[in-house]
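Report on one structure; see the data block that follows.
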Amino acid sequence: MGLRIELAQIRPFLGDVERNLIKHKEIVETSDSDCVVFPELSLTGYVLKDLAFELFRHSEKAVEKLADAAGGKCVVAGAIKEVRPGVLRNSAAVIINGEINYVYKFYLPTYGLFEERRYFQRGDPLKDLKVFQHAGVKFGVIICEDAWHPEPAEALALMGADLILVPAASPMRRLGKDLAIQESWEALLKAHALMNTVWMAFVNTVGSQEEEFFWGGSMVVSPLGEVKLRLKIFEEDRAVYALDMDELRRARFFSSFRDHISSFHKILAEL
Amino acid sequence: MIEYVRRALAIDCEAVSRYLVERLREYFEESGAAGGVLGLSGGIDSSVVAVLLARATDNFFFLLMPSSSTPPRDIEDAMKIIKLTRAEGKYAVVPIDEHVKALADAVGVADKKIVGNIKARVRMVLLYAYAQKLGYLVVGTGDKSELMLGYFTKYGDGGVDILPIGDLYKTQVRQLGRCLGVPEEIVAKPPSPALWEGQTAEGELGIDYETIDSVLYLRYEEMRTREEIAAMLGIDVSVVDKIDSLVRRSQHKRLPPEIFRLSGRAIGSDWRYPRRYWNVRPWV
């Protein structure tokens, strides 16, 4: 038993949903995996600004067309979802057997170059945390910034996820002697994998959008915190990785991830 | 430059140049432009951008636009870059004195700063005319130090389509120049806009670029206080203040012109579309 996931590290064209959809369909149709994972806002591009208000309908239609093309595969694609008239969320569409579900981003960055809370409403953990199942593996999805906080991944792991997918749009910063942001992401993914004893699959955007440049470098990290698959930086790339669930099982025999002392959250809630 | 800042501003030339070349290539592709035109002065900035441009595409064109205040050595240095980039059939020399004189006479001015800015703007006009003729974009050569200080002419050398090295300080551009094979005499030459005879950036500003870059970095990227910066660099607080003042006073040069708001959704204020709005195709 296992799941073959394909990390589809693409360069979306900002605002060109039609072109992005064509690329999504090509990848899904030529993938021999069970599940194809695309980056955050992969159907629309990330640095949308006011385009978010114009593209959300196209984005939802593109998700429907992608679902039609997906067949029995699971597909996770980045999209905008209008949850109430005029209320948009930064979402991941999770397509399983042609059925569409949406997962919403909880932590919306609005510092530095980001301005997500200007355009999107955040998801509500009490309603919106979801665990899915495909090819015998349970998985959850958290979007980019959510991985910079401990709770979303922890909650999904305790709700039953064996794999956490992290579609992201991480822009390059400080390319000096090394790419600091890449090291930060690797550390974060390893920490989540180790603390929650889960597989982590990070799929980053690549290429330029406005002044920003997304660095790619998608990766799969095992429940023991080892990087098992690493895609190229600075260019489009795709690769399939077969998760070994026995590796997860063995890791959990010697893991404390099952314990969660909720009183810590009572303290946090009052800070 | 103190070791702390030197380390912070050290770049991996290979990675940075690969990145900049790739972005140039991508930019041309996405904008639908056939290539890029660049004003080659024989200085470090335009030499570095010329090499990057030539690596990104075969479709490039260099314009040499000398005036009476251009040192002959700059032309020789520009020719070295033409050789380095194998641009022998891809450049033109357009002297600008005649055009500058016509404009200065029309305005009735002889002030060296006003005439200097006319020179920079005449070059911009020529670059855009060549760009349009060739179906290319105008590739700017400004670096981060100059952009931050406002040490450029608005709608002159600041009037360009893209600024590939606009996020690299002058001292970083020198590092990049060295590893791109730009001749050492160009890398080490004191930077100068050459808008009038004898003009050098460091002479005019009264501060060397190593200090300028150190202050800019510590002040705006590490957000340290003026006193802390002066102490770290062993300089007078007034030097930090002078740089700070140049950055503040030149903010208008880094922004599009202000639009006085009237409507419910004014450009630049709350009408915020991406730069590549034109690239959005209608879709159903």
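Each chain in the structure tokens gets a letter, A, B and so on, in the order shown; residues start at 1 in every chain, and ligands are counted from 1 in the order they appear.
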Please identify all residues of chain B having at least one atom at most 9 Å from any atom of chain A, considering only C-alpha atoms, and return them as a PyMOL selection string.
chain B and resi 7-13+15-16+19+22-23+26-27+30+270-277+279-284
Using only C-alpha atoms, which residues sit within 12 Å of Ala87 (chain B) once same-chain residues fewer than 3 positions away are excluded, as a list in words?
Val37, Leu38, Leu40, Ala50, Val51, Leu53, Ala54, Arg55, Thr57, Asp58, Asn59, Phe60, Phe61, Phe62, Leu63, Ala78, Met79, Lys80, Ile81, Ile82, Lys83, Leu84, Lys90, Tyr91 and Ala92 of chain B
In region 11-260 of chain A, DSSP alpha helix (DSSP H) residues written as a PyMOL selection string:
chain A and resi 17-30+51-70+116-119+125-128+151-158+180-196+245-253
Please identify the strand (DSSP E) residues within region 7-219 of chain B (assignment by DSSP from backbone atoms) and present them as an MDAnalysis selection string.
chainID B and resid 35:39 60:64 91:93 136:138
B:Lys253, B:Arg226, B:Lys170, B:His99: which is nearest Ile212 (chain B), counting only C-alpha atoms?
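Of B:Lys253, B:Arg226, B:Lys170, B:His99, the one nearest Ile212 (chain B) is B:Lys170, counting only C-alpha atoms.
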Hey, can you check how far CA of Arg4 (chain A) sits from CA of Ala135 (chain A)?
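Answer for the CA of Arg4 (chain A) to CA of Ala135 (chain A) separation: 8.8 Å.
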Looking at only C-alpha atoms, which of B:Gly89, B:Gly36, B:Pro72, B:Gly177 is the one that sits closest to Leu163 (chain B)?
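Going through B:Gly89, B:Gly36, B:Pro72, B:Gly177 one by one, the smallest distance to Leu163 (chain B) is for B:Gly36.
With CA of Arg248 (chain B) on one side and CA of Thr153 (chain B) on the other, the separation reads 16.0 Å.
Shortest separation to Ile80 (chain A) among A:Phe254, A:Leu43, A:Leu113, A:Ile95 occurs at residue A:Leu43, atoms counted being only C-alpha atoms.
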Please identify all polymer residues within 7 Å of region 186-199 of chain B, counting only C-alpha atoms, omitting same-chain residues fewer than 4 positions from it, and present them as a PyMOL selection string.
chain B and resi 43-44+69-70+77+112+116+119+174+177-178+182+204
Selected residues written out with all heavy atoms, as a compact mmCIF listing (two decimals), in the first residue's frame:
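And here's out32.txt as it stands now:
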```
# COMPACT_ATOMS: atom_id res chain seq x y z
N GLY B 43 30.97 52.46 -18.47
CA GLY B 43 31.04 52.36 -17.00
C GLY B 43 30.67 50.95 -16.54
O GLY B 43 30.27 50.10 -17.35
N ILE B 44 30.83 50.74 -15.24
CA ILE B 44 30.62 49.39 -14.71
C ILE B 44 29.17 48.92 -14.86
O ILE B 44 28.90 47.78 -15.25
CB ILE B 44 31.10 49.30 -13.23
CG1 ILE B 44 30.80 47.94 -12.59
CG2 ILE B 44 30.50 50.38 -12.36
CD1 ILE B 44 31.58 46.81 -13.13
N SER B 69 31.35 66.00 -23.15
CA SER B 69 31.85 65.75 -21.79
C SER B 69 32.18 64.27 -21.56
O SER B 69 32.52 63.88 -20.44
CB SER B 69 30.84 66.23 -20.75
OG SER B 69 29.61 65.57 -20.91
N THR B 70 32.06 63.45 -22.60
CA THR B 70 32.38 62.04 -22.44
C THR B 70 33.90 61.85 -22.55
O THR B 70 34.49 62.20 -23.58
CB THR B 70 31.70 61.20 -23.54
OG1 THR B 70 30.30 61.46 -23.51
CG2 THR B 70 31.95 59.71 -23.35
N ASP B 77 36.50 51.98 -23.46
CA ASP B 77 36.01 50.93 -22.58
C ASP B 77 34.71 50.31 -23.12
O ASP B 77 34.50 49.09 -23.02
CB ASP B 77 35.79 51.48 -21.16
CG ASP B 77 37.13 51.72 -20.44
OD1 ASP B 77 38.14 51.13 -20.87
OD2 ASP B 77 37.15 52.49 -19.45
N LYS B 112 25.16 73.90 -16.02
CA LYS B 112 25.68 72.56 -16.31
C LYS B 112 24.73 71.44 -15.83
O LYS B 112 24.65 70.40 -16.46
CB LYS B 112 27.09 72.39 -15.75
CG LYS B 112 27.19 72.32 -14.25
CD LYS B 112 28.61 71.95 -13.83
CE LYS B 112 28.70 71.85 -12.31
NZ LYS B 112 30.00 71.55 -11.80
N GLY B 116 23.11 68.99 -18.29
CA GLY B 116 23.41 67.58 -17.99
C GLY B 116 22.16 66.72 -18.02
O GLY B 116 22.15 65.62 -18.57
N LYS B 119 21.03 66.13 -21.48
CA LYS B 119 21.83 65.04 -22.09
C LYS B 119 21.23 63.68 -21.76
O LYS B 119 21.04 62.83 -22.63
CB LYS B 119 23.27 65.09 -21.59
CG LYS B 119 24.10 66.20 -22.17
CD LYS B 119 25.54 66.11 -21.66
CE LYS B 119 26.32 67.35 -22.10
NZ LYS B 119 27.66 67.40 -21.51
N ARG B 174 30.09 45.60 -8.77
CA ARG B 174 31.53 45.39 -9.05
C ARG B 174 31.89 43.91 -8.91
O ARG B 174 32.61 43.36 -9.74
CB ARG B 174 32.37 46.23 -8.09
CG ARG B 174 32.38 47.71 -8.45
CD ARG B 174 33.37 48.46 -7.58
NE ARG B 174 33.34 49.88 -7.86
CZ ARG B 174 33.32 50.84 -6.92
NH1 ARG B 174 33.36 50.52 -5.65
NH2 ARG B 174 33.30 52.10 -7.27
N GLY B 177 30.57 42.22 -11.90
CA GLY B 177 31.36 42.59 -13.08
C GLY B 177 32.62 41.75 -13.18
O GLY B 177 32.96 41.24 -14.25
N ARG B 178 33.29 41.59 -12.05
CA ARG B 178 34.53 40.82 -12.06
C ARG B 178 34.29 39.40 -12.54
O ARG B 178 35.01 38.88 -13.37
CB ARG B 178 35.16 40.80 -10.66
CG ARG B 178 35.77 42.13 -10.30
CD ARG B 178 36.85 42.04 -9.22
NE ARG B 178 37.50 43.32 -9.14
CZ ARG B 178 37.16 44.28 -8.26
NH1 ARG B 178 36.22 44.08 -7.38
NH2 ARG B 178 37.79 45.45 -8.28
N VAL B 182 34.12 41.38 -17.00
CA VAL B 182 34.26 42.79 -17.36
C VAL B 182 35.70 43.21 -17.02
O VAL B 182 36.18 42.92 -15.91
CB VAL B 182 33.24 43.66 -16.58
CG1 VAL B 182 33.49 45.15 -16.80
CG2 VAL B 182 31.82 43.30 -16.99
N GLU B 204 30.99 64.15 -6.40
CA GLU B 204 29.79 64.96 -6.27
C GLU B 204 29.07 64.70 -4.94
O GLU B 204 28.58 65.62 -4.28
CB GLU B 204 28.84 64.66 -7.44
CG GLU B 204 27.86 65.78 -7.68
CD GLU B 204 27.01 65.51 -8.93
OE1 GLU B 204 27.27 64.52 -9.64
OE2 GLU B 204 26.10 66.28 -9.17
```
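The residue that comes closest to Leu52 (chain B), out of B:Glu228, B:Glu210, B:Asp74, B:Glu14 and on the basis of only C-alpha atoms, is B:Glu14.
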Selected residue, from B:Val125, B:Ile162, B:Val240, B:Ala201, that lies nearest to Tyr220 (chain B) when counting only C-alpha atoms:
B:Val240
Residue contacts of Thr110 (chain A) (12 Å, only C-alpha atoms) excluding same-chain residues fewer than 4 positions away, as an MDAnalysis selection string
chainID A and resid 114:120 122 145
Which residue is closest to Gly150 (chain B)? Choose from B:Asp236, B:Glu3, B:Leu24, B:Leu205 and count only C-alpha atoms.
B:Leu205
Distance in Å - CA of Ile164 (chain A) versus CA of Ala193 (chain A)
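One can read the CA of Ile164 (chain A) to CA of Ala193 (chain A) distance as 8.7 Å.
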Non-local contacts of Pro39 (chain A) (12 Å; only C-alpha atoms; under 4 positions in same chain excluded) as number ranges by chain:
A: 6-12, 20, 24, 43-46, 75-79, 90-93, 141-144, 165-170, 201-207, 214-219, 236-238
